[in-house]
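Text of run-v2.cif (mmCIF, C-alpha atoms) as supplied:
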```cif
data_model
#
loop_
_atom_site.label_atom_id
_atom_site.label_comp_id
_atom_site.auth_asym_id
_atom_site.auth_seq_id
_atom_site.Cartn_x
_atom_site.Cartn_y
_atom_site.Cartn_z
CA MET A 723 11.09 5.05 -11.57
CA LEU A 724 8.10 6.37 -13.51
CA GLU A 725 10.12 6.23 -16.73
CA ARG A 726 10.19 2.43 -16.55
CA THR A 727 7.04 1.44 -14.74
CA ARG A 728 3.66 2.54 -13.47
CA LEU A 729 3.03 3.11 -9.81
CA GLY A 730 -0.18 1.84 -8.24
CA VAL A 731 -1.42 3.92 -5.30
CA VAL A 732 -4.15 3.14 -2.80
CA THR A 733 -4.99 5.86 -0.31
CA ARG A 734 -5.97 5.23 3.27
CA PRO A 735 -9.30 6.47 4.59
CA GLY A 736 -8.92 9.92 6.04
CA PHE A 737 -5.90 10.83 3.92
CA PRO A 738 -6.78 13.84 1.77
CA ARG A 739 -6.36 13.02 -1.92
CA ASN A 740 -5.64 16.69 -2.68
CA GLU A 741 -2.27 16.31 -0.90
CA LEU A 742 -1.34 13.66 -3.45
CA ASP A 743 -2.58 15.81 -6.30
CA THR A 744 -0.11 18.54 -5.36
CA VAL A 745 2.71 15.97 -5.49
CA LEU A 746 1.49 14.71 -8.88
CA GLU A 747 1.61 18.23 -10.28
CA ARG A 748 5.37 18.28 -9.68
CA LEU A 749 6.06 14.96 -11.44
CA GLU A 750 7.36 14.74 -14.96
CA ARG A 751 5.10 11.74 -15.76
CA PRO A 752 2.03 11.98 -13.52
CA HIS A 753 0.03 9.84 -15.96
CA ARG A 754 2.21 6.86 -14.86
CA VAL A 755 0.65 7.00 -11.35
CA LEU A 756 -2.53 4.95 -11.19
CA PHE A 757 -4.96 5.27 -8.30
CA LEU A 758 -6.63 1.98 -7.42
CA ASP A 759 -10.17 1.99 -6.11
CA ILE A 760 -10.40 -0.87 -3.62
CA ASP A 761 -12.26 -1.47 -0.40
CA PRO A 762 -10.12 -0.17 2.45
CA ASN A 763 -8.47 -2.54 4.88
CA MET A 764 -8.24 -0.76 8.20
CA SER A 765 -5.39 -2.97 9.45
CA ALA A 766 -2.01 -1.36 9.80
CA SER A 767 1.31 -3.13 9.40
CA THR A 768 1.90 -2.33 13.08
CA ASP A 769 -1.12 -4.47 13.99
CA ILE A 770 0.09 -7.33 11.81
CA ARG A 771 3.61 -7.22 13.30
CA ALA A 772 2.24 -7.14 16.86
CA ARG A 773 0.11 -10.18 16.23
CA LEU A 774 2.98 -12.09 14.62
CA GLU A 775 5.37 -11.15 17.46
CA ALA A 776 2.84 -12.60 19.90
CA GLY A 777 2.99 -15.87 17.96
CA ASN A 778 -0.42 -15.47 16.36
CA ALA A 779 -1.47 -15.48 12.71
CA PRO A 780 -2.79 -12.25 11.21
CA ASP A 781 -6.17 -13.91 10.67
CA GLY A 782 -8.97 -11.39 10.60
CA LEU A 783 -6.63 -8.50 9.87
CA VAL A 784 -6.03 -9.48 6.24
CA PRO A 785 -7.71 -11.82 3.76
CA ALA A 786 -6.79 -15.52 4.15
CA ALA A 787 -4.72 -15.53 0.94
CA VAL A 788 -2.66 -12.59 2.23
CA ALA A 789 -2.18 -14.26 5.62
CA GLY A 790 -0.91 -17.32 3.77
CA LEU A 791 1.62 -15.27 1.81
CA ILE A 792 2.80 -13.51 4.97
CA LYS A 793 3.46 -16.88 6.60
CA GLU A 794 4.94 -18.54 3.50
CA ARG A 795 7.33 -15.70 2.72
CA GLY A 796 8.17 -14.70 6.28
CA LEU A 797 6.91 -11.15 5.80
CA TYR A 798 6.68 -8.65 8.66
CA CYS A 799 9.36 -10.50 10.60
CA PRO A 800 12.15 -8.65 12.39
#
```

For the file at hand, write its structure as structure tokens.
Amino acid sequence: MLERTRLGVVTRPGFPRNELDTVLERLERPHRVLFLDIDPNMSASTDIRARLEAGNAPDGLVPAAVAGLIKERGLYCP
């Protein structure tokens, strides 16, 4: 995959970056992996699915634009 594209990676809070560094060391093209520095969103996909299964929108768990895309595209549905 890294021959044809770059991979964007965002780590979750509490996940040690050094574990990813050891994986990168084994890759043939580690320079194709880009780490993105964004504000963490503490919501998990499990939380989003639970809210949708209960018939509620994921408002408050994700930004409004993301909630709109989830609804529009039917994401996180069984």

Hey, what comes out of the PyMOL selection byres ((chain A and resi 765) around 12) on this file? Could you write it as a PyMOL selection string? chain A and resi 734-735+762-764+766-773+780-785

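With only C-alpha atoms as the atoms that count, the minimum distance from Tyr798 (chain A) to the choices A:Val745, A:Ala779, A:Arg739, A:Leu774 is reached by A:Leu774.
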
In Å, with one decimal, what is the gap from CA of Met723 (chain A) to CA of Pro800 (chain A)?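 CA of Pro800 (chain A) lies 27.6 Å from CA of Met723 (chain A).
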
CA of Asp743 (chain A) and CA of Ile760 (chain A), how far apart in Å?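 Distance reported for this atom pair: 18.6 Å.
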
If you measure from CA of Arg754 (chain A) to CA of Gly730 (chain A), what distance in Å do you get, rounded to one decimal? 8.6 Å

Region 776-784 of chain A, all listed atoms, 4 Å padding on each side: what axis-aligned box centre and edge lengths in Å to one decimal come out, as AutoDock Vina command-line options?
```
--center_x -3.0 --center_y -12.2 --center_z 13.1 --size_x 20.0 --size_y 15.4 --size_z 21.7
```

Using the chain letters and numbers from the file, which residues does the PyMOL selection byres ((chain A and resi 725) around 10) grab, as a PyMOL selection string? chain A and resi 723-724+726-728+750-751+754

Writing out the chosen residues with C-alpha atoms as a compact mmCIF listing (two decimals), keeping the file's coordinate frame:
```txt
# COMPACT_ATOMS: atom_id res chain seq x y z
CA MET A 723 11.09 5.05 -11.57
CA LEU A 724 8.10 6.37 -13.51
CA ARG A 726 10.19 2.43 -16.55
CA THR A 727 7.04 1.44 -14.74
CA ARG A 728 3.66 2.54 -13.47
CA GLU A 750 7.36 14.74 -14.96
CA ARG A 751 5.10 11.74 -15.76
CA ARG A 754 2.21 6.86 -14.86
```

Run the PyMOL selection byres ((chain A and resi 756) around 9) on the file and write out the hits as a ChimeraX atom specification. /A:728-732,752-755,757-758

Ala776 (chain A) proximity check over A:Thr733, A:Asp761, A:Thr744, A:Cys799, using all atoms listed in the file: winner is A:Cys799
